[in-house]
file my_file_1.txt (compact mmCIF, C-alpha atoms and all ligand atoms)
# COMPACT_ATOMS: atom_id res chain seq x y z
CA MET A 16 6.36 108.03 68.46
CA SER A 17 8.10 110.63 66.29
CA ALA A 18 10.89 109.50 63.97
CA MET A 19 14.41 110.44 65.01
CA LYS A 20 15.59 113.68 63.39
CA GLU A 21 18.34 113.10 60.87
CA ALA A 22 20.62 115.47 58.98
CA LEU A 23 19.97 116.10 55.31
CA LEU A 24 22.61 114.47 53.17
CA LEU A 25 24.91 116.64 51.09
CA GLU A 26 25.50 114.26 48.20
CA GLY A 27 28.48 115.07 46.03
CA SER A 28 27.20 113.33 42.91
CA LYS A 29 23.93 115.33 42.87
CA ILE A 30 25.75 118.63 43.29
CA ALA A 31 28.32 117.53 40.70
CA LYS A 32 25.49 117.17 38.15
CA ARG A 33 24.43 120.76 38.78
CA VAL A 34 27.99 122.09 38.45
CA GLU A 35 28.53 119.98 35.31
CA GLU A 36 25.40 121.44 33.75
CA SER A 37 26.76 124.97 34.04
CA LEU A 38 30.20 123.79 32.83
CA ARG A 39 28.57 122.31 29.71
CA GLU A 40 26.95 125.64 29.00
CA GLU A 41 30.30 127.45 29.35
CA LEU A 42 31.99 124.82 27.19
CA ARG A 43 29.38 125.34 24.45
CA ARG A 44 30.10 129.07 24.54
CA ILE A 45 33.87 128.42 24.37
CA GLN A 46 33.41 126.02 21.45
CA SER A 47 31.39 128.51 19.46
CA LYS A 48 33.72 131.45 20.19
CA TYR A 49 37.13 129.71 19.86
CA GLN A 50 36.25 126.53 17.88
CA GLU A 51 38.02 124.31 20.38
CA SER A 52 37.55 122.70 23.75
CA PRO A 53 39.98 123.05 26.67
CA LYS A 54 42.59 120.33 27.04
CA LEU A 55 43.87 118.77 30.26
CA VAL A 56 47.14 116.82 30.28
CA ALA A 57 47.75 114.43 33.17
CA ILE A 58 51.38 113.53 33.85
CA GLN A 59 51.99 110.16 35.43
CA VAL A 60 55.50 108.94 36.20
CA GLY A 61 55.55 105.15 36.27
CA THR A 62 52.22 103.41 36.85
CA PRO A 63 51.43 103.77 40.56
CA PRO A 64 48.29 101.71 41.30
CA ALA A 65 47.25 104.29 43.93
CA SER A 66 46.45 106.88 41.26
CA ALA A 67 44.88 104.55 38.67
CA LEU A 68 41.28 105.05 39.82
CA TYR A 69 41.60 108.84 40.08
CA VAL A 70 43.19 109.07 36.62
CA LYS A 71 40.35 107.01 35.13
CA LYS A 72 37.76 109.19 36.86
CA GLN A 73 39.39 112.31 35.42
CA LYS A 74 39.39 110.86 31.92
CA ASP A 75 35.76 109.73 32.19
CA THR A 76 34.51 113.05 33.60
CA ALA A 77 36.46 115.06 31.01
CA GLY A 78 34.99 112.83 28.27
CA LEU A 79 31.43 113.34 29.52
CA LEU A 80 31.88 117.10 29.54
CA GLY A 81 33.73 117.33 26.22
CA ILE A 82 37.03 118.45 27.73
CA GLN A 83 40.04 116.96 25.95
CA HIS A 84 42.13 114.69 28.17
CA GLU A 85 45.55 113.20 27.51
CA LEU A 86 47.47 110.94 29.86
CA LEU A 87 51.24 111.33 29.45
CA GLN A 88 52.87 108.25 30.92
CA ILE A 89 56.54 108.75 31.63
CA GLU A 90 59.13 106.07 32.39
CA GLU A 91 59.44 105.28 36.09
CA THR A 92 63.19 106.00 35.85
CA ALA A 93 62.70 109.57 34.53
CA SER A 94 64.68 112.25 36.36
CA GLU A 95 63.25 115.39 37.89
CA SER A 96 64.73 117.49 35.10
CA ASP A 97 63.17 115.19 32.46
CA VAL A 98 59.75 115.84 34.00
CA ILE A 99 60.39 119.59 34.29
CA GLN A 100 61.39 119.66 30.61
CA ILE A 101 58.12 117.96 29.65
CA ILE A 102 56.18 120.47 31.77
CA GLN A 103 57.97 123.41 30.14
CA ASP A 104 57.01 122.08 26.70
CA LEU A 105 53.39 121.79 27.83
CA ASN A 106 53.54 125.33 29.27
CA ARG A 107 54.56 126.63 25.82
CA ASN A 108 51.97 124.56 23.95
CA PRO A 109 48.91 126.76 23.26
CA LYS A 110 46.78 123.66 22.69
CA VAL A 111 47.25 122.56 26.31
CA HIS A 112 45.25 124.49 28.90
CA GLY A 113 45.54 122.46 32.09
CA ILE A 114 48.26 120.27 33.59
CA ILE A 115 47.90 117.88 36.51
CA LEU A 116 50.61 115.82 38.20
CA GLU A 117 49.43 112.42 39.30
CA LEU A 118 50.84 111.48 42.68
CA PRO A 119 52.67 109.59 44.03
CA MET A 120 55.86 110.22 42.06
CA PRO A 121 58.93 107.97 42.31
CA ALA A 122 61.41 108.88 45.06
CA GLN A 123 63.91 110.64 42.75
CA ILE A 124 61.30 113.32 41.95
CA HIS A 125 60.39 116.06 44.40
CA PRO A 126 56.68 116.76 43.72
CA GLN A 127 56.77 120.37 44.96
CA ARG A 128 59.71 121.34 42.72
CA VAL A 129 58.07 119.75 39.71
CA LEU A 130 54.75 121.39 40.52
CA MET A 131 56.41 124.79 40.64
CA ALA A 132 57.48 124.34 37.01
CA ILE A 133 53.83 124.39 35.90
CA ASP A 134 52.66 127.74 34.54
CA ALA A 135 50.25 129.03 37.22
CA LYS A 136 47.68 129.69 34.47
CA LYS A 137 47.73 125.94 33.60
CA ASP A 138 47.74 124.70 37.21
CA ALA A 139 44.52 122.66 37.05
CA GLU A 140 44.77 121.64 40.68
CA GLY A 141 45.14 125.21 41.92
CA ILE A 142 48.04 124.30 44.18
CA HIS A 143 50.85 126.40 42.68
CA VAL A 144 52.06 129.06 45.16
CA ASP A 145 50.86 131.83 42.83
CA ASN A 146 47.33 130.44 42.94
CA LEU A 147 47.37 129.87 46.71
CA GLY A 148 48.69 133.44 47.10
CA ARG A 149 45.85 134.75 44.95
CA LEU A 150 43.37 132.98 47.20
CA LEU A 151 44.89 134.73 50.20
CA MET A 152 44.71 138.07 48.37
CA GLN A 153 41.03 137.53 47.41
CA GLU A 154 42.00 137.38 43.72
CA ALA A 155 41.66 133.63 43.27
CA LYS A 156 41.60 132.18 39.77
CA LEU A 157 42.35 128.48 40.37
CA ILE A 158 41.54 126.96 43.76
CA PRO A 159 42.53 123.49 45.03
CA SER A 160 39.77 121.22 43.76
CA THR A 161 39.17 119.29 47.00
CA ALA A 162 38.79 122.51 49.00
CA LEU A 163 36.46 123.85 46.31
CA ALA A 164 34.40 120.66 46.50
CA ALA A 165 34.15 120.88 50.30
CA PHE A 166 33.14 124.54 50.05
CA GLU A 167 30.55 123.85 47.33
CA LEU A 168 28.95 121.29 49.65
CA VAL A 169 28.77 123.87 52.44
CA LEU A 170 27.10 126.28 50.00
CA ALA A 171 24.69 123.53 48.94
CA ALA A 172 23.17 123.60 52.42
CA GLY A 173 21.75 126.97 51.36
CA VAL A 174 22.32 128.56 54.77
CA PRO A 175 23.60 132.16 55.03
CA LEU A 176 27.22 131.90 56.16
CA ALA A 177 28.13 135.43 57.27
CA GLY A 178 29.04 135.51 60.94
CA LYS A 179 28.88 131.72 61.37
CA GLU A 180 31.38 129.94 63.60
CA ALA A 181 33.36 127.77 61.17
CA VAL A 182 35.94 125.22 62.22
CA VAL A 183 38.30 123.47 59.83
CA VAL A 184 40.18 120.48 61.20
CA GLY A 185 43.37 119.90 59.18
CA GLN A 186 45.60 122.61 57.73
CA SER A 187 47.08 121.02 54.61
CA LYS A 188 47.89 123.31 51.70
CA ILE A 189 45.55 121.44 49.37
CA VAL A 190 42.49 121.07 51.60
CA GLY A 191 42.33 122.61 55.09
CA ARG A 192 43.95 125.99 54.49
CA PRO A 193 42.24 126.85 51.20
CA ALA A 194 38.88 125.65 52.58
CA ALA A 195 39.38 127.96 55.57
CA PHE A 196 40.07 130.93 53.27
CA LEU A 197 36.95 130.20 51.23
CA LEU A 198 34.88 130.27 54.43
CA LEU A 199 36.63 133.45 55.55
CA GLU A 200 35.61 135.10 52.28
CA GLN A 201 32.00 134.37 53.25
CA LYS A 202 32.63 136.27 56.49
CA CYS A 203 32.60 133.18 58.67
CA THR A 204 34.66 133.39 61.84
CA VAL A 205 37.16 130.65 61.05
CA THR A 206 39.22 128.50 63.41
CA ILE A 207 41.80 126.12 61.93
CA CYS A 208 42.67 123.10 64.10
CA HIS A 209 45.65 120.76 63.69
CA THR A 210 47.87 118.48 65.76
CA GLY A 211 48.84 121.38 68.01
CA THR A 212 45.17 121.86 68.91
CA ALA A 213 44.71 118.14 69.57
CA LYS A 214 47.86 117.87 71.68
CA ARG A 215 46.62 120.59 74.03
CA GLY A 216 43.27 118.80 74.30
CA PHE A 217 41.31 121.71 72.75
CA LEU A 218 39.96 119.96 69.66
CA GLU A 219 36.66 118.92 71.26
CA ALA A 220 35.91 122.45 72.52
CA HIS A 221 36.54 123.97 69.08
CA VAL A 222 34.55 121.35 67.20
CA LYS A 223 31.62 121.71 69.60
CA ARG A 224 31.37 125.41 68.70
CA ALA A 225 31.25 124.78 64.96
CA GLU A 226 28.15 125.79 63.03
CA VAL A 227 30.11 124.87 59.91
CA LEU A 228 32.59 122.03 60.29
CA ILE A 229 35.03 120.81 57.63
CA VAL A 230 37.23 117.90 58.65
CA ALA A 231 40.24 116.93 56.49
CA VAL A 232 42.62 114.83 58.55
CA GLY A 233 42.68 111.19 57.42
CA LYS A 234 41.92 109.44 60.73
CA PRO A 235 38.87 107.16 60.78
CA ASN A 236 35.99 108.40 62.95
CA MET A 237 38.24 110.75 64.94
CA ILE A 238 35.37 113.21 65.49
CA PRO A 239 32.74 111.52 67.69
CA GLY A 240 29.08 112.30 66.99
CA SER A 241 28.68 113.81 70.47
CA TRP A 242 31.05 116.68 69.47
CA ILE A 243 28.77 117.87 66.66
CA ARG A 244 26.82 121.03 67.41
CA GLU A 245 23.04 120.73 66.96
CA GLY A 246 22.11 122.04 63.51
CA ALA A 247 25.68 122.14 62.17
CA ILE A 248 26.74 121.77 58.53
CA VAL A 249 29.31 118.95 58.52
CA VAL A 250 31.59 118.27 55.56
CA ASP A 251 33.85 115.25 55.98
CA VAL A 252 36.75 115.20 53.52
CA GLY A 253 38.52 112.21 55.07
CA ILE A 254 38.86 108.97 53.14
CA ASN A 255 39.97 106.01 55.25
CA ARG A 256 39.83 102.28 54.64
CA VAL A 257 38.72 100.29 57.66
CA GLU A 258 38.12 96.55 57.40
CA GLY A 259 37.51 96.82 53.66
CA LYS A 260 35.09 99.75 54.00
CA THR A 261 35.60 103.45 53.27
CA VAL A 262 34.84 105.73 56.20
CA GLY A 263 35.40 109.41 56.89
CA ASP A 264 37.00 111.29 59.76
CA VAL A 265 33.61 111.93 61.42
CA ASP A 266 31.54 109.24 63.12
CA PHE A 267 28.73 109.47 60.57
CA GLU A 268 26.03 107.59 62.48
CA GLY A 269 26.64 109.56 65.64
CA ALA A 270 26.83 112.89 63.84
CA ARG A 271 23.78 112.63 61.61
CA SER A 272 21.29 112.84 64.50
CA ARG A 273 22.80 116.18 65.60
CA ALA A 274 23.83 117.90 62.36
CA ALA A 275 21.36 119.64 60.04
CA PHE A 276 23.43 118.74 56.95
CA ILE A 277 26.15 116.14 56.56
CA THR A 278 28.21 114.60 53.76
CA PRO A 279 28.22 110.81 53.53
CA VAL A 280 31.55 109.00 53.07
CA PRO A 281 31.79 107.71 50.43
CA GLY A 282 29.53 109.86 48.26
CA GLY A 283 30.25 113.33 49.68
CA VAL A 284 33.33 115.31 48.76
CA GLY A 285 34.91 112.54 46.64
CA PRO A 286 32.51 112.56 43.65
CA LEU A 287 32.62 116.36 43.46
CA THR A 288 36.40 116.74 43.51
CA VAL A 289 36.94 115.66 39.91
CA THR A 290 34.11 117.93 38.76
CA MET A 291 35.82 120.84 40.50
CA LEU A 292 39.06 119.88 38.76
CA MET A 293 37.21 120.19 35.44
CA LYS A 294 35.81 123.55 36.56
CA ASN A 295 39.41 124.63 37.09
CA VAL A 296 40.37 123.47 33.58
CA VAL A 297 37.60 125.66 32.14
CA GLN A 298 38.67 128.53 34.40
CA ALA A 299 42.32 128.03 33.33
CA TYR A 300 41.26 128.20 29.67
CA LEU A 301 39.40 131.46 30.26
CA TRP A 302 42.37 132.90 32.17
CA GLN A 303 44.64 132.10 29.23
CA LYS A 304 42.14 133.90 26.97
CA ASP A 305 42.09 136.86 29.38
CA GLU A 306 38.41 136.21 29.94
CA SER A 307 38.52 134.91 33.47
CA ARG A 308 36.66 136.19 36.45
CA SER A 309 37.99 135.74 39.97
CA GLN A 310 36.37 132.73 41.65
P1 LIG B 401 47.43 115.84 55.28
O1 LIG B 401 48.00 114.60 55.87
O2 LIG B 401 48.24 116.67 54.36
O3 LIG B 401 46.94 116.80 56.46
C1 LIG B 401 46.29 116.28 57.58
C2 LIG B 401 46.02 117.39 58.55
O4 LIG B 401 45.37 116.85 59.68
C3 LIG B 401 47.28 118.10 59.06
O5 LIG B 401 47.09 119.49 59.00
C4 LIG B 401 47.42 117.60 60.49
O6 LIG B 401 47.92 118.58 61.38
C5 LIG B 401 45.97 117.35 60.85
N1 LIG B 401 45.86 116.36 61.93
C6 LIG B 401 46.43 115.14 62.02
N2 LIG B 401 46.07 114.53 63.16
C7 LIG B 401 45.25 115.38 63.81
C8 LIG B 401 44.54 115.33 65.02
N3 LIG B 401 44.62 114.27 65.84
N4 LIG B 401 43.78 116.39 65.37
C9 LIG B 401 43.70 117.48 64.58
N5 LIG B 401 44.33 117.58 63.39
C10 LIG B 401 45.10 116.54 63.02
O7 LIG B 401 46.08 115.38 54.60
P2 LIG B 401 45.21 115.99 53.38
O8 LIG B 401 44.74 117.34 53.71
O9 LIG B 401 45.92 115.76 52.10
O10 LIG B 401 43.98 114.96 53.39
C11 LIG B 401 43.12 114.87 54.51
C12 LIG B 401 42.11 113.77 54.27
O11 LIG B 401 41.33 114.11 53.13
C13 LIG B 401 42.69 112.40 53.96
O12 LIG B 401 41.86 111.39 54.51
C14 LIG B 401 42.65 112.31 52.45
O13 LIG B 401 42.55 110.97 52.00
C15 LIG B 401 41.38 113.05 52.18
N6 LIG B 401 41.32 113.63 50.83
C16 LIG B 401 40.17 113.47 50.13
C17 LIG B 401 40.07 113.98 48.86
C18 LIG B 401 38.77 113.84 48.13
O14 LIG B 401 38.70 114.04 46.97
N7 LIG B 401 37.67 113.55 48.79
C19 LIG B 401 41.20 114.65 48.19
C20 LIG B 401 42.33 114.88 49.09
C21 LIG B 401 42.38 114.35 50.35
P3 LIG B 401 49.45 119.13 61.32
O15 LIG B 401 49.47 120.09 60.18
O16 LIG B 401 49.64 119.75 62.64
O17 LIG B 401 50.31 117.91 61.08
call {"tool": "encode", "arguments": {"input": "my_file_1.txt", "output": "structure tokens"}}
result
Amino acid sequence: MSAMKEALLLEGSKIAKRVEESLREELRRIQSKYQESPKLVAIQVGTPPASALYVKKQKDTAGLLGIQHELLQIEETASESDVIQIIQDLNRNPKVHGIILELPMPAQIHPQRVLMAIDAKKDAEGIHVDNLGRLLMQEAKLIPSTALAAFELVLAAGVPLAGKEAVVVGQSKIVGRPAAFLLLEQKCTVTICHTGTAKRGFLEAHVKRAEVLIVAVGKPNMIPGSWIREGAIVVDVGINRVEGKTVGDVDFEGARSRAAFITPVPGGVGPLTVTMLMKNVVQAYLWQKDESRSQ
């Protein structure tokens, strides 16, 4: 009896190692040319437990790569203008090359307004409107790190993408939309699905067409395995806690017997996201030195 066919796993940590290797090389070049290493400053208002793990991961990854990392912890009672003032000081500081806002922020602070105060050239997360606009105009410099991670995993499948039917489920500014534009740049035919698609009952039909599928919704196992097209590349961005376990938006067990490539959850997009954040810090540094290439 032949063994059941199973998708190859797209493992974020393995791909992260490869990306980190090329970042190290670039960082060595930067060190020898400018005698410094790029610096990322993380701004945290209060001490929200939800961001603690991500902040630690950033610090650890930066440390391993030799990127400077500083965590600025601000009083929970700080006002929006206090935070904007701090950001403006960091914008002017030539020794700071990347800034990241750790979410959530306390209720008195509007994250989007604060984010807009960051100099686009120091926007390590690539979510400032100038950077999203550049992505749309095919002049991207800094791209949202989660979308970059999802896209890198699609590329890791090593399959030519031009002309492929690509479906992205979820249209958030930080994941779904930028991921869709990255696929469009590869000449995929891209469909973006959202609640409007689901409400009309068309989600299944779109997903079933997908040769490349990126799902970024945040609903456990919402894409049944039977919807996955044979031979598809499936990247599951979703992170959901169910009965103490982390699961994605795609029914992994059902999907892996149909897909050719699939990301596990955990272990797929998650481990690569911080690496892509560090890639953005290096890219931000080069942009500030007028050395950057479009991504
Ligand atoms: P958002 O909540 O901002 O966006 C969710 C999207 O899903 C929206 O566009 C929404 O549509 C769409 N949606 C909701 N329900 C349905 C449905 N039934 N059918 C189709 N589409 C639907 O989430 P994010 O983009 O920030 O995050 C998505 C997931 O990715 C989450 O699980 C999050 O935890 C995870 N994530 C993982 C990261 C990582 O590093 N691995 C980093 C960031 C996020 P509409 O616009 O119509 O409301």
call {"tool": "residues_around", "arguments": {"input": "my_file_1.txt", "residues": "stretch 143-151 of chain A", "least_positions_apart": "3", "cutoff": "10 Å", "atoms": "all atoms listed in the file", "output": "number ranges by chain"}}
result
A: 127, 130-140, 154-159, 188-189, 192-193, 196-197, 199-200, 309-310
call {"tool": "residues_near_ligand", "arguments": {"input": "my_file_1.txt", "ligand": "ligand LIG 401 (chain B)", "cutoff": "7 Å", "atoms": "only C-alpha atoms and all ligand atoms", "output": "PyMOL selection string"}}
result
chain A and resi 161+184-187+189-191+208-213+218+231-234+252-255+284-285+288
call {"tool": "closest_residue", "arguments": {"input": "my_file_1.txt", "among": "A:Gly269, A:Gly246, A:Gly113, A:Pro126", "to": "A:Val174", "atoms": "all atoms listed in the file"}}
result
A:Gly246
call {"tool": "closest_residue", "arguments": {"input": "my_file_1.txt", "among": "A:Val34, A:Val280, A:Val70, A:Val60", "to": "A:Val129", "atoms": "all atoms listed in the file"}}
result
A:Val60
call {"tool": "atom_distance", "arguments": {"input": "my_file_1.txt", "atom1": "atom CA of A:Lys260", "atom2": "atom CA of A:Lys223"}}
result
27.2 Å
call {"tool": "atom_distance", "arguments": {"input": "my_file_1.txt", "atom1": "atom CA of A:Val227", "atom2": "atom CA of A:Glu245"}}
result
10.8 Å
